[in-house]
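K.L.:
Here's a structure for you.
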Amino acid sequence: MSIKKILLSASLLQMGMAAQSQVYLDPQAAVEDRVEDALSRMTTHEKITVLHAQSKFTSAGVPRLGIRQLNMDDGPHGVREELEWNAWRTAGWTNDSCVAFPSLTCLAATWNRDLARLYGQSVSEEFAYRGKDVMLGPGVNIQRIPLNGRAFEYMGEDPLLAAEMAVPYIQAVQQNGVACCLKHFALNNQETDRFSVNVNVSERALREIYLYPFEQAVKRARVYTVMGSYNLWQNVHCSQNDALLNRILKQEWGFDGAVVSDWNAVTDTWQAATGGLDIEMGTEPRDYKGEPAEVYHHYYMARPLELMVEEGKVPMSVIDDKVRRVLRTIFRTSMNPRKVVGSLCSEAHVEACRLIAEEGIVLLKNAPALSPSKGGKPTPLLPLDLTKYKNILVVGENATRSLTRGGGSSELKPLHEVTPWEALHVQCSMFNIQRLPGYASGRALYDEVDPVSPAEQARLKAEALSKAREADLIIYVGGMNKNRHQDCENGDREGFDLSFGQNELISELADIQPNIVVVTFGGNPYSMPWLTKVPALVHCWYLGSESGNALVRVLTGQVNPSGKLPVTFARRLDDYPYADYGAEAYPGVNRQVYYKEDIYVGYRGFDKRMAAAKGKQRVAPLFPFGHGLSYTTYRYGKPVLNGRTVSIDVTNTGSRAGKETVQLYIGAMQCSEDRPVKELKDFRKIALQPGETQTVSFDLTDRMFRFFSVKKGQWTVEPGKYRISVAPSSAECKNAVVFTL
């Protein structure tokens, strides 16, 4: 036989072998057909291999069958810079910058479902372009306490708002062939003792408050993957919790995707195998001393699980269910023929970032201050007419600090980031504008923070106060940052006050110059002992790459602010509902935390206190849930009930175009079980020109009236009378109609 024929025969033989091993099923075929075909060809070892990590951020495919791996990366505010394959060090790439999108608290503050969809569309294009299949986010844990170091990654205190913003975000991401990994499931409401704390919560609070946004994301958005949390529930870690993952998530809700552990959240092979986990990530085996690259074979769901299968301790049916879920995820993402190519750092993404940031900024207070010109009618300080001021002083470290760095796993490497100072300097280039830090917070470190000496803090403060005497306008840009014990993973804030002496600095600046605008960044509420001295207050969350441009456009009136609070700002830390119950309620005692406020989280708890105190102001929030001012004014008519539809006319009575969020609240007037005074049930964001009136209508569905009955152990709708309110915030529900169900 000639060499040519020998080579041809060998080639044909190899092709035949490949045909027997590779999955040639049409990639356009139904996902379930592809899953079953692939599963039927896999060996036991190959099945086990796809159930655990093969690097810091990938899980294995099956090369023999042409099945690709899953590439994961941190979100949800942008695609994280590349790390080394087997280490937590950055890889040092020069082409892995991104657009840093606003924090999810900022997105929630827009109350705009269309912007949630735009956010998901934009961020997923960046993930796709970087070759990522699974975005670790979004997070929908409820902001139960105002100290949670990770609250900036979540969507506020109300389950309905969180759900309504998460669903279109997830839908848009997954339409592009990128999986969302919804996190952290569940009850991850504090960072203190997050690896070991067991959460004790009533089933009613669990269902009505903490699981609701997850349930909606599963049932309505059909989220592809879910991440188990570190904490325990019923004294079992949530990443291997049979009751949570199998009974509720998979069986009751019908979740057909894969459950991914949080990194290093797995503690036991048997519990992980039988408790509903599908992909184990980030485990650091304590007893392993071998080659670093071999560590992944020593994960709980690697060789130890394969041995249990061989010994008959874990049935193959359990393994096959897990593998089906992983294959389903692969075929929906990395092997999805319709997955988009995507784009990175495009003009469209930068514009989306700015639009979301602008609508998420919340104007909390806007009153007249000292007029720079004599006479005239007092007008609110904002929007700023910069031509009125000769000497402008910008004070505060956040005017120049990067707020995309730090924070833990959500840290980003933006291609560009416009700081408030950069944008202000451009806007005020023809004026005398100066900047001083006023305080220092130390370098942003994940574990600890380099301390700043008291002497240095005193010097910075004195310098700012001295310059303030020369200014006729002060723009203070401070708040929180992403240092440890600020807004950062793996640690909660240590107090309710602004750190680094900011409260005293703001107060003394206001004493010197009443024309002061205070701008704060951060994911949590905070104390404001200086509020009565300050005419204007703006809260920005974290705004991403376009931070400075978005802020300055709002301050100067190029954009009319329309953000609304997704979380209650209280006067004191002790005013929050959980605080009535001491250390057991937070941070916990002996690694047990008790949610004794039950369903009365956030505004629900404040309403309960107000009702008990008969409306006395001492228990009223400083800024209520849903609050947010505008540069125009709106008039709400009286709600009108027509069958199962409630309508209201909203009129822009000011001189500027603006956007207003109309909020629907419902409260039972009598009930067989205790219920909140009112609960958010829907909302609409509308745009109005000056003088324009729009009629906003809400259909009243049975779901809006239901509660989880402790007596019956199920969701229940009771006949009776309900108070229906349509209002601009949770504290302004004065006009109401009574609906009889």
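Letters for chains follow the order of the structure tokens (A, B, ...), residue numbers begin at 1 for each chain, and ligand numbers begin at 1 in the order shown.
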With DSSP run on the backbone, what are the alpha helix (DSSP H) residues within segment 352-547 of chain A? I'd like them as a PyMOL selection string.
P.N.:
chain A and resi 352-360+420-427+454-468+502-512+547
K.L.:
Within 10 Å of segment 268-289 of chain A, which residues of segment 190-240 of chain A come that close, and what is the closest atom pair and distance in Å for each? Count only C-alpha atoms and give it as CSV.
P.N.:
residue,atom,partner,partner_atom,distance
A:Thr225,CA,A:Asp278,CA,9.7
A:Val226,CA,A:Leu277,CA,9.8
A:Met227,CA,A:Leu277,CA,9.3
A:Gly228,CA,A:Leu277,CA,8.1
A:Val236,CA,A:Gln271,CA,8.8
A:His237,CA,A:Gln271,CA,9.0
A:Cys238,CA,A:Gly275,CA,9.0
A:Ser239,CA,A:Leu277,CA,6.4
A:Gln240,CA,A:Ala272,CA,4.5
K.L.:
Write a file of the selected residues as a PDB file, in the first residue's frame, keeping all heavy atoms.
P.N.:
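To be explicit, this is the file written out as part_4.pdb:
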ATOM      1  N   THR A 225     -28.729  30.059  35.922  1.00  0.00           N
ATOM      2  CA  THR A 225     -27.977  29.508  37.052  1.00  0.00           C
ATOM      3  C   THR A 225     -28.257  30.324  38.306  1.00  0.00           C
ATOM      4  O   THR A 225     -28.613  31.505  38.242  1.00  0.00           O
ATOM      5  CB  THR A 225     -26.454  29.479  36.786  1.00  0.00           C
ATOM      6  OG1 THR A 225     -25.967  30.815  36.634  1.00  0.00           O
ATOM      7  CG2 THR A 225     -26.127  28.668  35.548  1.00  0.00           C
ATOM      8  N   VAL A 226     -28.086  29.691  39.456  1.00  0.00           N
ATOM      9  CA  VAL A 226     -28.304  30.316  40.757  1.00  0.00           C
ATOM     10  C   VAL A 226     -27.095  29.999  41.627  1.00  0.00           C
ATOM     11  O   VAL A 226     -26.607  28.866  41.643  1.00  0.00           O
ATOM     12  CB  VAL A 226     -29.593  29.794  41.423  1.00  0.00           C
ATOM     13  CG1 VAL A 226     -29.686  30.247  42.878  1.00  0.00           C
ATOM     14  CG2 VAL A 226     -30.821  30.256  40.643  1.00  0.00           C
ATOM     15  N   MET A 227     -26.612  30.989  42.373  1.00  0.00           N
ATOM     16  CA  MET A 227     -25.468  30.787  43.256  1.00  0.00           C
ATOM     17  C   MET A 227     -25.931  30.613  44.695  1.00  0.00           C
ATOM     18  O   MET A 227     -26.629  31.474  45.240  1.00  0.00           O
ATOM     19  CB  MET A 227     -24.492  31.974  43.187  1.00  0.00           C
ATOM     20  CG  MET A 227     -23.245  31.780  44.058  1.00  0.00           C
ATOM     21  SD  MET A 227     -22.198  33.254  44.150  1.00  0.00           S
ATOM     22  CE  MET A 227     -21.613  33.324  42.466  1.00  0.00           C
ATOM     23  N   GLY A 228     -25.506  29.501  45.315  1.00  0.00           N
ATOM     24  CA  GLY A 228     -25.796  29.280  46.725  1.00  0.00           C
ATOM     25  C   GLY A 228     -24.944  30.182  47.604  1.00  0.00           C
ATOM     26  O   GLY A 228     -23.801  30.498  47.271  1.00  0.00           O
ATOM     27  N   VAL A 236     -27.884  24.234  58.026  1.00  0.00           N
ATOM     28  CA  VAL A 236     -27.232  23.599  56.881  1.00  0.00           C
ATOM     29  C   VAL A 236     -26.775  24.700  55.936  1.00  0.00           C
ATOM     30  O   VAL A 236     -27.535  25.625  55.632  1.00  0.00           O
ATOM     31  CB  VAL A 236     -28.179  22.639  56.136  1.00  0.00           C
ATOM     32  CG1 VAL A 236     -27.474  22.021  54.929  1.00  0.00           C
ATOM     33  CG2 VAL A 236     -28.704  21.559  57.077  1.00  0.00           C
ATOM     34  N   HIS A 237     -25.533  24.603  55.462  1.00  0.00           N
ATOM     35  CA  HIS A 237     -25.030  25.594  54.515  1.00  0.00           C
ATOM     36  C   HIS A 237     -25.924  25.664  53.277  1.00  0.00           C
ATOM     37  O   HIS A 237     -26.329  24.643  52.723  1.00  0.00           O
ATOM     38  CB  HIS A 237     -23.598  25.244  54.092  1.00  0.00           C
ATOM     39  CG  HIS A 237     -22.568  25.586  55.128  1.00  0.00           C
ATOM     40  ND1 HIS A 237     -22.075  26.855  55.286  1.00  0.00           N
ATOM     41  CD2 HIS A 237     -21.956  24.823  56.066  1.00  0.00           C
ATOM     42  CE1 HIS A 237     -21.194  26.871  56.272  1.00  0.00           C
ATOM     43  NE2 HIS A 237     -21.101  25.650  56.765  1.00  0.00           N
ATOM     44  N   CYS A 238     -26.200  26.899  52.841  1.00  0.00           N
ATOM     45  CA  CYS A 238     -27.169  27.082  51.764  1.00  0.00           C
ATOM     46  C   CYS A 238     -26.699  26.540  50.422  1.00  0.00           C
ATOM     47  O   CYS A 238     -27.528  26.235  49.560  1.00  0.00           O
ATOM     48  CB  CYS A 238     -27.523  28.566  51.635  1.00  0.00           C
ATOM     49  SG  CYS A 238     -28.543  29.179  52.995  1.00  0.00           S
ATOM     50  N   SER A 239     -25.392  26.394  50.228  1.00  0.00           N
ATOM     51  CA  SER A 239     -24.905  25.842  48.962  1.00  0.00           C
ATOM     52  C   SER A 239     -25.035  24.328  48.881  1.00  0.00           C
ATOM     53  O   SER A 239     -24.703  23.732  47.849  1.00  0.00           O
ATOM     54  CB  SER A 239     -23.437  26.245  48.740  1.00  0.00           C
ATOM     55  OG  SER A 239     -23.355  27.593  48.319  1.00  0.00           O
ATOM     56  N   GLN A 240     -25.514  23.705  49.939  1.00  0.00           N
ATOM     57  CA  GLN A 240     -25.713  22.248  49.941  1.00  0.00           C
ATOM     58  C   GLN A 240     -26.934  21.898  50.792  1.00  0.00           C
ATOM     59  O   GLN A 240     -26.942  20.926  51.517  1.00  0.00           O
ATOM     60  CB  GLN A 240     -24.454  21.554  50.466  1.00  0.00           C
ATOM     61  CG  GLN A 240     -23.963  22.084  51.802  1.00  0.00           C
ATOM     62  CD  GLN A 240     -22.539  21.698  52.127  1.00  0.00           C
ATOM     63  OE1 GLN A 240     -21.662  21.737  51.263  1.00  0.00           O
ATOM     64  NE2 GLN A 240     -22.293  21.305  53.384  1.00  0.00           N
TER      65      GLN A 240
END
K.L.:
Hey, can you check how far atom CA of Phe214 of chain A sits from atom CA of Ser697 of chain A?
P.N.:
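Distance reported for this atom pair: 26.9 Å.
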K.L.:
Using only C-alpha atoms, pick whichever of A:Ile170, A:Val218, A:Ala91, A:Val314 has the shortest atom-to-atom distance to Met301 of chain A.
P.N.:
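Selected residue with least distance to Met301 of chain A: A:Val314.
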K.L.:
Could you write out, as number ranges by chain, all the residues of segment 6-227 of chain A that DSSP marks as strand (DSSP E)?
P.N.:
A: 58-59, 70-74, 134-136, 179-185, 198-200, 225-227
K.L.:
Skip Val62 of chain A itself and residues of its chain fewer than 2 positions away, then list as number ranges by chain all residues within 12 Å of it, counting only C-alpha atoms.
P.N.:
A: 21-23, 38-39, 41-51, 54, 59-60, 64-70, 323, 326-327, 330
K.L.:
Wanna dump the segment 376-445 of chain A-segment 506-527 of chain A contacts at 9 Å for me, each residue with its shortest atom pair and the distance in Å to one decimal, counting only C-alpha atoms, ordered by chain and number, as a tab-separated table?
P.N.:
residue	atom	partner	partner_atom	distance
A:Leu381	CA	A:Asn515	CA	7.5
A:Leu382	CA	A:Val517	CA	8.3
A:Asn398	CA	A:Phe521	CA	7.7
A:Leu403	CA	A:Phe521	CA	8.7
K.L.:
So which one's closest to Val167 of chain A, A:Asn483, A:Ser655, A:Gln216, A:Thr740? Using only C-alpha atoms, please.
P.N.:
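Once distances to Val167 of chain A are computed over only C-alpha atoms, the minimum belongs to A:Gln216.
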K.L.:
From the options A:Trp421, A:Phe57, A:Phe705, A:Tyr296, which residue's atoms come nearest to Gly548 of chain A, counting only C-alpha atoms?
P.N.:
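For Gly548 of chain A, the nearest of the given residues is A:Trp421.
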K.L.:
Just to confirm, what's the straight-line distance from atom CA of Ser441 of chain A to atom CA of Gly501 of chain A in Å (one decimal)?
P.N.:
9.9 Å
K.L.:
With only C-alpha atoms as the counted atoms, please give the residues lying no more than 10 Å from Ala570 of chain A, apart from itself and same-chain residues fewer than 3 positions off, as a ChimeraX atom specification.
P.N.:
/A:146,496,525-528,567,573-576,602-603,606,619-625
K.L.:
Under the rule that only C-alpha atoms are counted, which of A:Arg130, A:Asn560, A:Pro76, A:Val266 is the nearest residue to Trp93 of chain A?
P.N.:
A:Arg130
K.L.:
Sorted by chain and rising residue number, list the residues of segment 552-579 of chain A at most 12 Å from segment 730-734 of chain A (counting only C-alpha atoms), each with its closest atom pair and distance in Å to one decimal, as a Markdown table.
P.N.:
| residue | atom | partner | partner_atom | distance |
| --- | --- | --- | --- | --- |
| A:Lys564 | CA | A:Ser730 | CA | 10.7 |
| A:Leu565 | CA | A:Ser730 | CA | 10.1 |
| A:Pro566 | CA | A:Ser730 | CA | 10.6 |
| A:Val567 | CA | A:Ser730 | CA | 10.7 |
| A:Thr568 | CA | A:Ser730 | CA | 9.6 |
K.L.:
Write to file, as a PDB file, in the first residue's frame, the residues of the selection just made, with C-alpha atoms.
P.N.:
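File produced: part17.pdb:
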ATOM      1  CA  LYS A 564     -36.245  57.437  44.168  1.00  0.00           C
ATOM      2  CA  LEU A 565     -34.905  55.706  47.258  1.00  0.00           C
ATOM      3  CA  PRO A 566     -35.003  51.878  47.167  1.00  0.00           C
ATOM      4  CA  VAL A 567     -34.236  51.849  50.896  1.00  0.00           C
ATOM      5  CA  THR A 568     -35.364  53.845  53.936  1.00  0.00           C
TER       6      THR A 568
END
K.L.:
Which residues are close to Glu504 of chain A, i.e. within 12 Å by only C-alpha atoms, leaving aside same-chain residues fewer than 5 positions away? Reply as JSON, numbers by chain.
P.N.:
{"A": [438, 439, 457, 458, 461, 462, 465, 497, 498, 499, 509, 510, 511, 527, 528, 529, 530, 531, 533]}
K.L.:
Please, what distance in Å, to one decimal, runs between atom CA of Gln175 of chain A and atom CA of Ile248 of chain A?
P.N.:
25.7 Å
K.L.:
Tell me which protein, DNA and RNA residues are within 12 Å of Leu688 of chain A, counting only C-alpha atoms, leaving out same-chain ones fewer than 6 positions away, and put them as an MDAnalysis selection string.
P.N.:
chainID A and resid 560 562 632:635 649:661 694:696
K.L.:
Create the file for the chosen residues now, containing N, CA and C atoms and written as a PDB file, in the first residue's frame.
P.N.:
ATOM      1  N   ASN A 560     -32.861  66.539  34.740  1.00  0.00           N
ATOM      2  CA  ASN A 560     -33.750  66.716  35.884  1.00  0.00           C
ATOM      3  C   ASN A 560     -33.723  65.429  36.706  1.00  0.00           C
ATOM      4  N   SER A 562     -34.550  62.223  38.841  1.00  0.00           N
ATOM      5  CA  SER A 562     -35.801  61.462  38.969  1.00  0.00           C
ATOM      6  C   SER A 562     -35.635  60.192  39.778  1.00  0.00           C
ATOM      7  N   THR A 632     -38.772  69.994  39.036  1.00  0.00           N
ATOM      8  CA  THR A 632     -40.124  70.435  38.741  1.00  0.00           C
ATOM      9  C   THR A 632     -41.042  69.916  39.840  1.00  0.00           C
ATOM     10  N   THR A 633     -42.321  70.166  39.733  1.00  0.00           N
ATOM     11  CA  THR A 633     -43.287  69.724  40.742  1.00  0.00           C
ATOM     12  C   THR A 633     -44.403  68.938  40.071  1.00  0.00           C
ATOM     13  N   TYR A 634     -44.986  68.031  40.845  1.00  0.00           N
ATOM     14  CA  TYR A 634     -46.054  67.183  40.320  1.00  0.00           C
ATOM     15  C   TYR A 634     -47.276  67.264  41.238  1.00  0.00           C
ATOM     16  N   ARG A 635     -48.427  67.245  40.623  1.00  0.00           N
ATOM     17  CA  ARG A 635     -49.678  67.205  41.388  1.00  0.00           C
ATOM     18  C   ARG A 635     -50.387  65.893  41.104  1.00  0.00           C
ATOM     19  N   ASP A 649     -54.632  60.801  37.914  1.00  0.00           N
ATOM     20  CA  ASP A 649     -54.036  61.802  37.036  1.00  0.00           C
ATOM     21  C   ASP A 649     -52.832  62.425  37.726  1.00  0.00           C
ATOM     22  N   VAL A 650     -51.735  62.497  37.003  1.00  0.00           N
ATOM     23  CA  VAL A 650     -50.513  63.125  37.509  1.00  0.00           C
ATOM     24  C   VAL A 650     -50.143  64.249  36.554  1.00  0.00           C
ATOM     25  N   THR A 651     -49.930  65.446  37.106  1.00  0.00           N
ATOM     26  CA  THR A 651     -49.670  66.640  36.302  1.00  0.00           C
ATOM     27  C   THR A 651     -48.325  67.249  36.670  1.00  0.00           C
ATOM     28  N   ASN A 652     -47.558  67.610  35.661  1.00  0.00           N
ATOM     29  CA  ASN A 652     -46.330  68.368  35.865  1.00  0.00           C
ATOM     30  C   ASN A 652     -46.714  69.835  36.003  1.00  0.00           C
ATOM     31  N   THR A 653     -46.634  70.366  37.206  1.00  0.00           N
ATOM     32  CA  THR A 653     -47.054  71.737  37.475  1.00  0.00           C
ATOM     33  C   THR A 653     -45.890  72.725  37.460  1.00  0.00           C
ATOM     34  N   GLY A 654     -44.699  72.259  37.121  1.00  0.00           N
ATOM     35  CA  GLY A 654     -43.529  73.121  37.092  1.00  0.00           C
ATOM     36  C   GLY A 654     -43.169  73.571  35.695  1.00  0.00           C
ATOM     37  N   SER A 655     -41.972  74.097  35.571  1.00  0.00           N
ATOM     38  CA  SER A 655     -41.532  74.681  34.306  1.00  0.00           C
ATOM     39  C   SER A 655     -40.514  73.816  33.572  1.00  0.00           C
ATOM     40  N   ARG A 656     -40.211  72.648  34.099  1.00  0.00           N
ATOM     41  CA  ARG A 656     -39.231  71.761  33.470  1.00  0.00           C
ATOM     42  C   ARG A 656     -39.865  70.413  33.140  1.00  0.00           C
ATOM     43  N   ALA A 657     -39.396  69.796  32.068  1.00  0.00           N
ATOM     44  CA  ALA A 657     -39.779  68.415  31.791  1.00  0.00           C
ATOM     45  C   ALA A 657     -39.146  67.517  32.849  1.00  0.00           C
ATOM     46  N   GLY A 658     -39.838  66.454  33.207  1.00  0.00           N
ATOM     47  CA  GLY A 658     -39.301  65.564  34.229  1.00  0.00           C
ATOM     48  C   GLY A 658     -39.907  64.187  34.159  1.00  0.00           C
ATOM     49  N   LYS A 659     -39.369  63.297  34.986  1.00  0.00           N
ATOM     50  CA  LYS A 659     -39.882  61.934  35.098  1.00  0.00           C
ATOM     51  C   LYS A 659     -40.300  61.687  36.539  1.00  0.00           C
ATOM     52  N   GLU A 660     -41.427  61.029  36.705  1.00  0.00           N
ATOM     53  CA  GLU A 660     -41.955  60.759  38.034  1.00  0.00           C
ATOM     54  C   GLU A 660     -42.301  59.281  38.150  1.00  0.00           C
ATOM     55  N   THR A 661     -41.986  58.692  39.299  1.00  0.00           N
ATOM     56  CA  THR A 661     -42.346  57.302  39.572  1.00  0.00           C
ATOM     57  C   THR A 661     -43.603  57.275  40.415  1.00  0.00           C
ATOM     58  N   GLN A 694     -50.899  63.061  32.725  1.00  0.00           N
ATOM     59  CA  GLN A 694     -51.065  61.680  32.276  1.00  0.00           C
ATOM     60  C   GLN A 694     -51.920  60.929  33.270  1.00  0.00           C
ATOM     61  N   THR A 695     -52.748  60.034  32.749  1.00  0.00           N
ATOM     62  CA  THR A 695     -53.519  59.142  33.597  1.00  0.00           C
ATOM     63  C   THR A 695     -52.755  57.826  33.717  1.00  0.00           C
ATOM     64  N   VAL A 696     -52.442  57.458  34.938  1.00  0.00           N
ATOM     65  CA  VAL A 696     -51.705  56.228  35.212  1.00  0.00           C
ATOM     66  C   VAL A 696     -52.674  55.213  35.805  1.00  0.00           C
TER      67      VAL A 696
END
K.L.:
Using only C-alpha atoms, which of the listed residues (A:Ser124, A:Ser202, A:Ser103, A:Thr379) sits closest to Asp73 of chain A?
P.N.:
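Of all the options, A:Ser124 lies closest to Asp73 of chain A.
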K.L.:
Which residues are close to Gln592 of chain A, i.e. within 7 Å by only C-alpha atoms, leaving aside same-chain residues fewer than 4 positions away? Reply as a list in words.
P.N.:
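Those residues are Val197, Asn198, Val199 and Gly588 of chain A.
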